[in-house]
Structures are given as C-alpha cells and as structure tokens.
file start-v3.txt (compact mmCIF, C-alpha atoms)
# COMPACT_ATOMS: atom_id res chain seq x y z
CA MET A 13 0.00 0.00 0.00
CA ALA A 14 1.40 3.23 -1.08
CA LEU A 15 2.44 5.58 1.51
CA LEU A 16 0.04 8.42 1.82
CA PRO A 17 1.44 11.87 2.42
CA LYS A 18 1.23 12.89 5.97
CA LYS A 19 -1.07 15.71 6.79
CA PRO A 20 0.73 18.78 7.99
CA LYS A 21 0.35 19.49 11.61
CA VAL A 22 -1.87 22.49 12.24
CA LYS A 23 -0.36 24.94 14.65
CA SER A 24 -2.53 25.70 17.55
CA ALA A 25 -4.00 29.21 17.58
CA ALA A 26 -2.37 31.82 19.85
CA PRO A 27 -4.15 32.34 23.12
CA LEU A 28 -6.65 35.15 22.99
CA VAL A 29 -5.69 36.52 26.45
CA PRO A 30 -2.04 37.48 26.92
CA ALA A 31 -0.22 35.85 29.69
CA TRP A 32 -0.43 37.88 32.94
CA HIS A 33 2.37 38.34 35.37
CA PRO A 34 2.88 40.80 38.26
CA ASN A 35 4.85 44.05 37.62
CA PHE A 36 7.47 44.47 40.31
CA ARG A 37 9.16 47.55 38.77
CA ASN A 38 9.78 50.64 41.00
CA PHE A 39 9.17 53.62 38.70
CA GLU A 40 10.61 56.10 41.17
CA ARG A 41 13.99 54.37 41.07
CA LEU A 42 14.01 53.75 37.32
CA PRO A 43 16.25 56.11 35.32
CA ASP A 44 14.64 58.99 33.45
CA THR A 45 14.77 58.03 29.79
CA LYS A 46 12.93 61.09 28.42
CA VAL A 47 14.74 63.27 25.88
CA VAL A 48 14.40 66.34 28.15
CA ARG A 49 14.58 65.30 31.73
CA THR A 50 12.21 66.66 34.40
CA SER A 51 15.15 67.90 36.50
CA PHE A 52 16.07 70.28 33.66
CA PHE A 53 12.75 72.11 33.95
CA ILE A 54 13.07 72.22 37.74
CA ASN A 55 16.54 73.75 37.49
CA VAL A 56 15.40 76.30 34.90
CA ALA A 57 12.45 77.31 37.09
CA ALA A 58 14.71 77.64 40.15
CA LEU A 59 17.21 79.72 38.17
CA PHE A 60 14.43 81.97 36.89
CA VAL A 61 13.05 82.54 40.38
CA THR A 62 16.54 83.30 41.69
CA LEU A 63 17.18 85.75 38.86
CA MET A 64 13.89 87.55 39.51
CA VAL A 65 14.73 87.84 43.22
CA VAL A 66 18.16 89.30 42.39
CA ILE A 67 16.65 91.80 39.93
CA TYR A 68 13.95 92.88 42.41
CA THR A 69 16.49 93.26 45.22
CA SER A 70 18.83 95.30 42.99
CA TYR A 71 15.97 97.56 41.90
CA ALA A 72 14.86 98.08 45.50
CA GLU A 73 18.44 98.91 46.54
CA PHE A 74 18.73 101.40 43.69
CA ASN A 75 15.47 103.12 44.67
CA LEU A 76 16.56 103.20 48.31
CA HIS A 77 19.89 104.76 47.36
CA SER A 78 18.16 107.38 45.17
CA LEU A 79 15.69 108.18 47.94
CA SER A 80 18.49 108.52 50.47
CA GLY A 81 20.32 110.94 48.17
CA ALA A 82 17.17 113.03 47.69
CA ILE A 83 16.61 113.16 51.45
CA ASP A 84 20.21 114.30 52.03
CA GLU A 85 19.82 117.03 49.40
CA LEU A 86 16.57 118.26 50.96
CA GLN A 87 18.15 118.24 54.42
CA GLN A 88 21.04 120.36 53.12
CA ARG A 89 18.55 122.86 51.67
CA ILE A 90 16.65 122.95 54.97
CA ASP A 91 19.86 123.53 56.94
CA LYS A 92 20.90 126.24 54.47
CA ASN A 93 17.57 128.09 54.76
CA ARG A 94 17.11 127.49 58.49
CA GLU A 95 18.83 130.74 59.51
CA GLY A 96 16.65 132.87 57.24
CA SER A 97 13.54 131.00 58.33
CA ASP A 98 14.34 131.51 62.03
CA ARG A 99 14.96 135.20 61.38
CA ALA A 100 11.62 135.51 59.58
CA VAL A 101 9.82 133.76 62.45
CA ALA A 102 11.47 136.09 64.97
CA GLN A 103 10.45 139.14 62.92
CA PHE A 104 6.89 137.84 62.66
CA LYS A 105 6.71 137.40 66.44
CA LYS A 106 8.03 140.92 66.86
CA PHE A 107 5.38 142.15 64.43
CA GLN A 108 2.69 140.38 66.47
CA GLU A 109 3.93 142.08 69.63
CA GLU A 110 3.89 145.47 67.90
CA GLU A 111 0.41 144.77 66.59
CA LYS A 112 -0.77 143.89 70.10
CA ARG A 113 0.64 147.14 71.44
CA LEU A 114 -0.98 149.01 68.60
CA LEU A 115 -4.38 147.55 69.43
CA GLU A 116 -3.90 148.44 73.07
CA ALA A 117 -2.95 152.00 72.14
CA ALA A 118 -5.95 152.37 69.86
CA ASP A 119 -8.34 152.19 72.84
CA PHE A 120 -6.57 154.58 75.16
CA SER A 121 -9.16 157.42 75.19
CA ALA A 122 -12.54 158.59 73.93
CA GLU A 123 -10.95 160.09 70.83
CA LYS A 124 -10.15 157.08 68.68
CA PHE A 125 -6.49 156.85 67.74
CA VAL A 126 -6.26 156.27 63.97
CA THR A 127 -2.84 154.87 63.19
CA SER A 128 -2.90 155.51 59.45
CA SER A 129 -3.86 159.16 59.92
CA PHE A 130 -1.12 159.62 62.52
CA LEU A 131 1.56 158.11 60.28
CA LEU A 132 0.47 160.10 57.23
CA HIS A 133 0.41 163.35 59.18
CA LEU A 134 3.78 162.64 60.75
CA GLY A 135 5.31 161.97 57.33
CA GLU A 136 3.77 165.05 55.74
CA THR A 137 5.02 167.41 58.46
CA LEU A 138 8.48 165.88 58.88
CA PRO A 139 11.22 168.56 58.65
CA LEU A 140 13.97 168.31 56.05
CA GLY A 141 16.92 166.28 57.31
CA ILE A 142 14.93 164.10 59.75
CA ALA A 143 14.22 160.46 58.88
CA ILE A 144 11.88 158.25 60.90
CA ARG A 145 13.24 154.69 61.30
CA GLN A 146 10.83 153.08 63.74
CA ILE A 147 7.55 153.77 65.54
CA GLU A 148 6.58 151.76 68.61
CA TYR A 149 3.10 151.86 70.10
CA ARG A 150 2.39 151.47 73.79
CA SER A 151 -0.65 151.87 75.99
CA THR A 152 0.84 155.09 77.42
CA GLY A 153 2.07 156.67 74.21
CA VAL A 154 4.11 156.37 71.05
CA ILE A 155 7.89 156.07 70.71
CA VAL A 156 9.38 157.59 67.57
CA ARG A 157 12.96 156.69 66.60
CA GLY A 158 14.90 158.29 63.78
CA THR A 159 18.01 160.11 62.60
CA VAL A 160 18.95 163.72 61.85
CA LYS A 161 21.53 164.61 59.20
CA GLY A 162 24.03 167.41 59.61
CA SER A 163 26.79 168.56 61.91
CA PRO A 164 26.38 168.01 65.67
CA ASP A 165 25.18 171.55 66.38
CA GLU A 166 22.96 171.72 63.33
CA ALA A 167 21.38 168.30 63.98
CA SER A 168 20.76 169.11 67.65
CA GLY A 169 19.07 172.38 66.68
CA VAL A 170 16.81 170.69 64.13
CA LEU A 171 15.78 168.01 66.66
CA SER A 172 15.14 170.58 69.40
CA THR A 173 12.93 172.66 67.13
CA TYR A 174 11.00 169.58 66.07
CA SER A 175 10.43 168.15 69.56
CA ASP A 176 9.99 171.40 71.55
CA HIS A 177 8.05 173.55 69.10
CA GLN A 178 6.69 171.86 65.98
CA LEU A 179 5.15 168.73 67.51
CA PRO A 180 3.64 170.32 70.68
CA THR A 181 2.03 173.11 68.66
CA ASP A 182 0.74 170.87 65.89
CA LYS A 183 -3.06 170.76 66.02
CA ASP A 184 -3.46 167.07 65.22
CA ILE A 185 -0.59 165.97 67.46
CA SER A 186 -1.65 168.09 70.44
CA ALA A 187 -5.18 166.68 70.18
CA LEU A 188 -3.86 163.21 71.01
CA PHE A 189 -0.67 163.78 73.00
CA GLU A 190 -0.05 166.03 75.97
CA ASP A 191 3.72 165.82 76.11
CA VAL A 192 6.67 165.24 73.72
CA THR A 193 9.98 164.27 75.30
CA VAL A 194 13.42 163.55 73.84
CA THR A 195 14.41 160.36 75.67
CA SER A 196 17.64 159.72 73.77
CA GLN A 197 20.00 161.40 71.28
CA VAL A 198 23.33 159.81 70.31
CA ARG A 199 25.83 160.61 67.57
CA SER A 200 26.34 157.56 65.30
CA GLN A 201 29.96 156.54 64.88
CA GLU A 202 29.29 154.98 61.48
CA THR A 203 27.35 157.72 59.71
CA GLY A 204 28.01 160.75 61.93
CA TRP A 205 24.25 161.40 62.08
CA LEU A 206 22.32 162.08 65.25
CA THR A 207 20.17 159.16 66.37
CA PHE A 208 17.20 160.15 68.52
CA GLU A 209 14.19 158.75 70.37
CA LEU A 210 11.02 160.70 71.16
CA PHE A 211 8.21 159.70 73.50
CA LEU A 212 4.75 161.16 72.78
CA LYS A 213 2.55 160.60 75.85
CA PHE A 214 -1.16 160.14 75.37
CA LYS A 215 -3.55 162.52 77.05
CA GLY A 216 -5.11 161.33 80.28
CA VAL A 217 -2.21 159.03 81.20
CA THR A 218 -1.15 159.37 84.84
CA GLY A 219 2.46 159.53 85.95
CA LYS A 220 2.34 155.96 87.28
CA GLU A 221 1.00 154.62 83.98
CA ALA A 222 3.56 156.62 81.99
CA LYS A 223 6.41 154.93 83.85
CA LYS A 224 5.10 151.55 82.71
call {"tool": "encode", "arguments": {"input": "start-v3.txt", "output": "structure tokens"}}
result
Amino acid sequence: MALLPKKPKVKSAAPLVPAWHPNFRNFERLPDTKVVRTSFFINVAALFVTLMVVIYTSYAEFNLHSLSGAIDELQQRIDKNREGSDRAVAQFKKFQEEEKRLLEAADFSAEKFVTSSFLLHLGETLPLGIAIRQIEYRSTGVIVRGTVKGSPDEASGVLSTYSDHQLPTDKDISALFEDVTVTSQVRSQETGWLTFELFLKFKGVTGKEAKK
C-alpha cells in the first residue's frame, strides 16, 4: 500500500488573552529616559526665580539709594535756609507784639487813635533832614525813633525845634498827645548822624501809667 502523504500538523492558535504576570518595577527608582529630563525644567524654574529675586532686590536697593540721596539734598537745603527762616519767624513774632501794642494803644481814650492818619500826618510834616526809622506803640504813648543829618550843632538844633516847638504846637498831634519828650540822642559813629528817640505821651495818662 502506497504511503500516503502525511497531513501537515496544524499549529494551535495563539491564546486570545495574553499571559499575565505581576509588575514588580519601581518607577521612582528607574532612570529617566525622556529626551528632556524633568530635572532640567526644575533647574530652569529655580534659576528663573533666583534671577527675579536678584533683579527685584537690585531695583529696591537702587530706589533706596536714590531716595536717600534726595533726602540728604533736601536736608542740606533745609539747613541752608534754616537761619533765614528763624529770622523771619522772629520778625513775625516781633510784628505780632507790635500789633498787640498798637491795638492796646488804639483804645486809650474817647478820641479814637487812627494809626494811618497819625503816620500820614507825621510823614507830611516831617522837617527836612529828619528820617523816621521806627515807631513803637504802647498803651501810654508812642515812641518815635529816627536820625537827623548834619553837623552836631545843626542836627541838635533841628531836633530841638521839632520836639519842643513843631510837635507840641501841631493841632493834630496836640489833640492826642499832651507831652513830647526827647528820651535819647546819640551821635552815630558809622554815619556821623544824630540818632534820637522821642516819647509822645497820650492825654489822660497818669504819671504811674507813663512809667510803665
């Protein structure tokens, strides 16, 4: 009997479900096989944060330095102008004191003392050669300070005529003041002029009040 060809063996089909086995890999300890590693991004982020902190700190230091320089400059200006400011404050206080005395003098009698009228009249009737430098108001009278040009004899004569004759006989002055007295006259060493001080006592002021 002839040999019949053997039938080829049919390979068994592959299993439909893959073989299962437990995965014991520790992913945290496995090496990073990515093209760009995660640590690179972490380092870049840390470097960026550090750079921003350095820039912010440098900018703050620069602003602080500029502010300190501006403060020093302003302090120098304040120190430079302090003397003039103190002088102005002192003059203002002196002005307030003079104003207070003026207000006190304005109420001294029934006949109202008008300061502007007094000053205008005093300037209009001032003799040639006499210059008024200061007027001080008090509750008892008015102090007039000024200078007289000329030689010693000539200046003394002009002042005597003004204080002993012109002022006491002046209608407007005599209506307010009862006495005119030369309280001081000194020859200036710088200009050679005669420096004087007159006291015009208000009417109705007693001797005790006049001493004040």
call {"tool": "closest_residue", "arguments": {"input": "start-v3.txt", "among": "A:Leu140, A:Ala167, A:Val56, A:Ile83", "to": "Val198 of chain A", "atoms": "all atoms listed in the file"}}
result
A:Ala167
call {"tool": "closest_residue", "arguments": {"input": "start-v3.txt", "among": "A:His177, A:Trp205, A:Val194, A:Arg199", "to": "Lys161 of chain A", "atoms": "all atoms listed in the file"}}
result
A:Trp205
call {"tool": "closest_residue", "arguments": {"input": "start-v3.txt", "among": "A:Leu179, A:Ala100, A:Ala57, A:Ile90", "to": "Leu212 of chain A", "atoms": "all atoms listed in the file"}}
result
A:Leu179
call {"tool": "closest_residue", "arguments": {"input": "start-v3.txt", "among": "A:Pro180, A:Thr173, A:Tyr149, A:Pro164", "to": "Gly204 of chain A", "atoms": "only C-alpha atoms"}}
result
A:Pro164
call {"tool": "residues_around", "arguments": {"input": "start-v3.txt", "residues": "Thr195 of chain A", "least_positions_apart": "5", "cutoff": "7 Å", "atoms": "all atoms listed in the file", "output": "list in words"}}
result
Glu209, Leu210 and Phe211 of chain A
call {"tool": "atom_distance", "arguments": {"input": "start-v3.txt", "atom1": "atom CA of Ser186 of chain A", "atom2": "atom CA of Arg145 of chain A"}}
result
22.0 Å
call {"tool": "build_atoms", "arguments": {"input": "start-v3.txt", "residues": "segment 63-79 of chain A", "atoms": "N, CA and C atoms", "output": "PDB file, in the frame of the given file"}}
result
ATOM      1  N   LEU A  63      16.869  84.554  39.640  1.00  0.00           N
ATOM      2  CA  LEU A  63      17.180  85.750  38.860  1.00  0.00           C
ATOM      3  C   LEU A  63      16.191  86.872  39.127  1.00  0.00           C
ATOM      4  N   MET A  64      14.904  86.533  39.233  1.00  0.00           N
ATOM      5  CA  MET A  64      13.890  87.550  39.510  1.00  0.00           C
ATOM      6  C   MET A  64      14.095  88.169  40.895  1.00  0.00           C
ATOM      7  N   VAL A  65      14.469  87.328  41.870  1.00  0.00           N
ATOM      8  CA  VAL A  65      14.730  87.840  43.220  1.00  0.00           C
ATOM      9  C   VAL A  65      15.916  88.795  43.213  1.00  0.00           C
ATOM     10  N   VAL A  66      16.980  88.436  42.473  1.00  0.00           N
ATOM     11  CA  VAL A  66      18.160  89.300  42.390  1.00  0.00           C
ATOM     12  C   VAL A  66      17.818  90.621  41.726  1.00  0.00           C
ATOM     13  N   ILE A  67      17.037  90.570  40.628  1.00  0.00           N
ATOM     14  CA  ILE A  67      16.650  91.800  39.930  1.00  0.00           C
ATOM     15  C   ILE A  67      15.794  92.690  40.827  1.00  0.00           C
ATOM     16  N   TYR A  68      14.821  92.096  41.523  1.00  0.00           N
ATOM     17  CA  TYR A  68      13.950  92.880  42.410  1.00  0.00           C
ATOM     18  C   TYR A  68      14.749  93.505  43.547  1.00  0.00           C
ATOM     19  N   THR A  69      15.665  92.732  44.118  1.00  0.00           N
ATOM     20  CA  THR A  69      16.490  93.260  45.220  1.00  0.00           C
ATOM     21  C   THR A  69      17.379  94.400  44.738  1.00  0.00           C
ATOM     22  N   SER A  70      17.965  94.249  43.544  1.00  0.00           N
ATOM     23  CA  SER A  70      18.830  95.300  42.990  1.00  0.00           C
ATOM     24  C   SER A  70      18.024  96.564  42.727  1.00  0.00           C
ATOM     25  N   TYR A  71      16.820  96.399  42.183  1.00  0.00           N
ATOM     26  CA  TYR A  71      15.970  97.560  41.900  1.00  0.00           C
ATOM     27  C   TYR A  71      15.566  98.274  43.186  1.00  0.00           C
ATOM     28  N   ALA A  72      15.236  97.472  44.219  1.00  0.00           N
ATOM     29  CA  ALA A  72      14.860  98.080  45.500  1.00  0.00           C
ATOM     30  C   ALA A  72      16.047  98.810  46.126  1.00  0.00           C
ATOM     31  N   GLU A  73      17.245  98.242  46.018  1.00  0.00           N
ATOM     32  CA  GLU A  73      18.440  98.910  46.540  1.00  0.00           C
ATOM     33  C   GLU A  73      18.711 100.199  45.798  1.00  0.00           C
ATOM     34  N   PHE A  74      18.514 100.184  44.485  1.00  0.00           N
ATOM     35  CA  PHE A  74      18.730 101.400  43.690  1.00  0.00           C
ATOM     36  C   PHE A  74      17.749 102.499  44.091  1.00  0.00           C
ATOM     37  N   ASN A  75      16.470 102.130  44.243  1.00  0.00           N
ATOM     38  CA  ASN A  75      15.470 103.120  44.670  1.00  0.00           C
ATOM     39  C   ASN A  75      15.774 103.654  46.064  1.00  0.00           C
ATOM     40  N   LEU A  76      16.222 102.772  46.956  1.00  0.00           N
ATOM     41  CA  LEU A  76      16.560 103.200  48.310  1.00  0.00           C
ATOM     42  C   LEU A  76      17.741 104.164  48.302  1.00  0.00           C
ATOM     43  N   HIS A  77      18.722 103.873  47.466  1.00  0.00           N
ATOM     44  CA  HIS A  77      19.890 104.760  47.360  1.00  0.00           C
ATOM     45  C   HIS A  77      19.479 106.122  46.795  1.00  0.00           C
ATOM     46  N   SER A  78      18.626 106.113  45.763  1.00  0.00           N
ATOM     47  CA  SER A  78      18.160 107.380  45.170  1.00  0.00           C
ATOM     48  C   SER A  78      17.360 108.184  46.181  1.00  0.00           C
ATOM     49  N   LEU A  79      16.490 107.484  46.930  1.00  0.00           N
ATOM     50  CA  LEU A  79      15.690 108.180  47.940  1.00  0.00           C
ATOM     51  C   LEU A  79      16.558 108.759  49.037  1.00  0.00           C
TER      52      LEU A  79
END
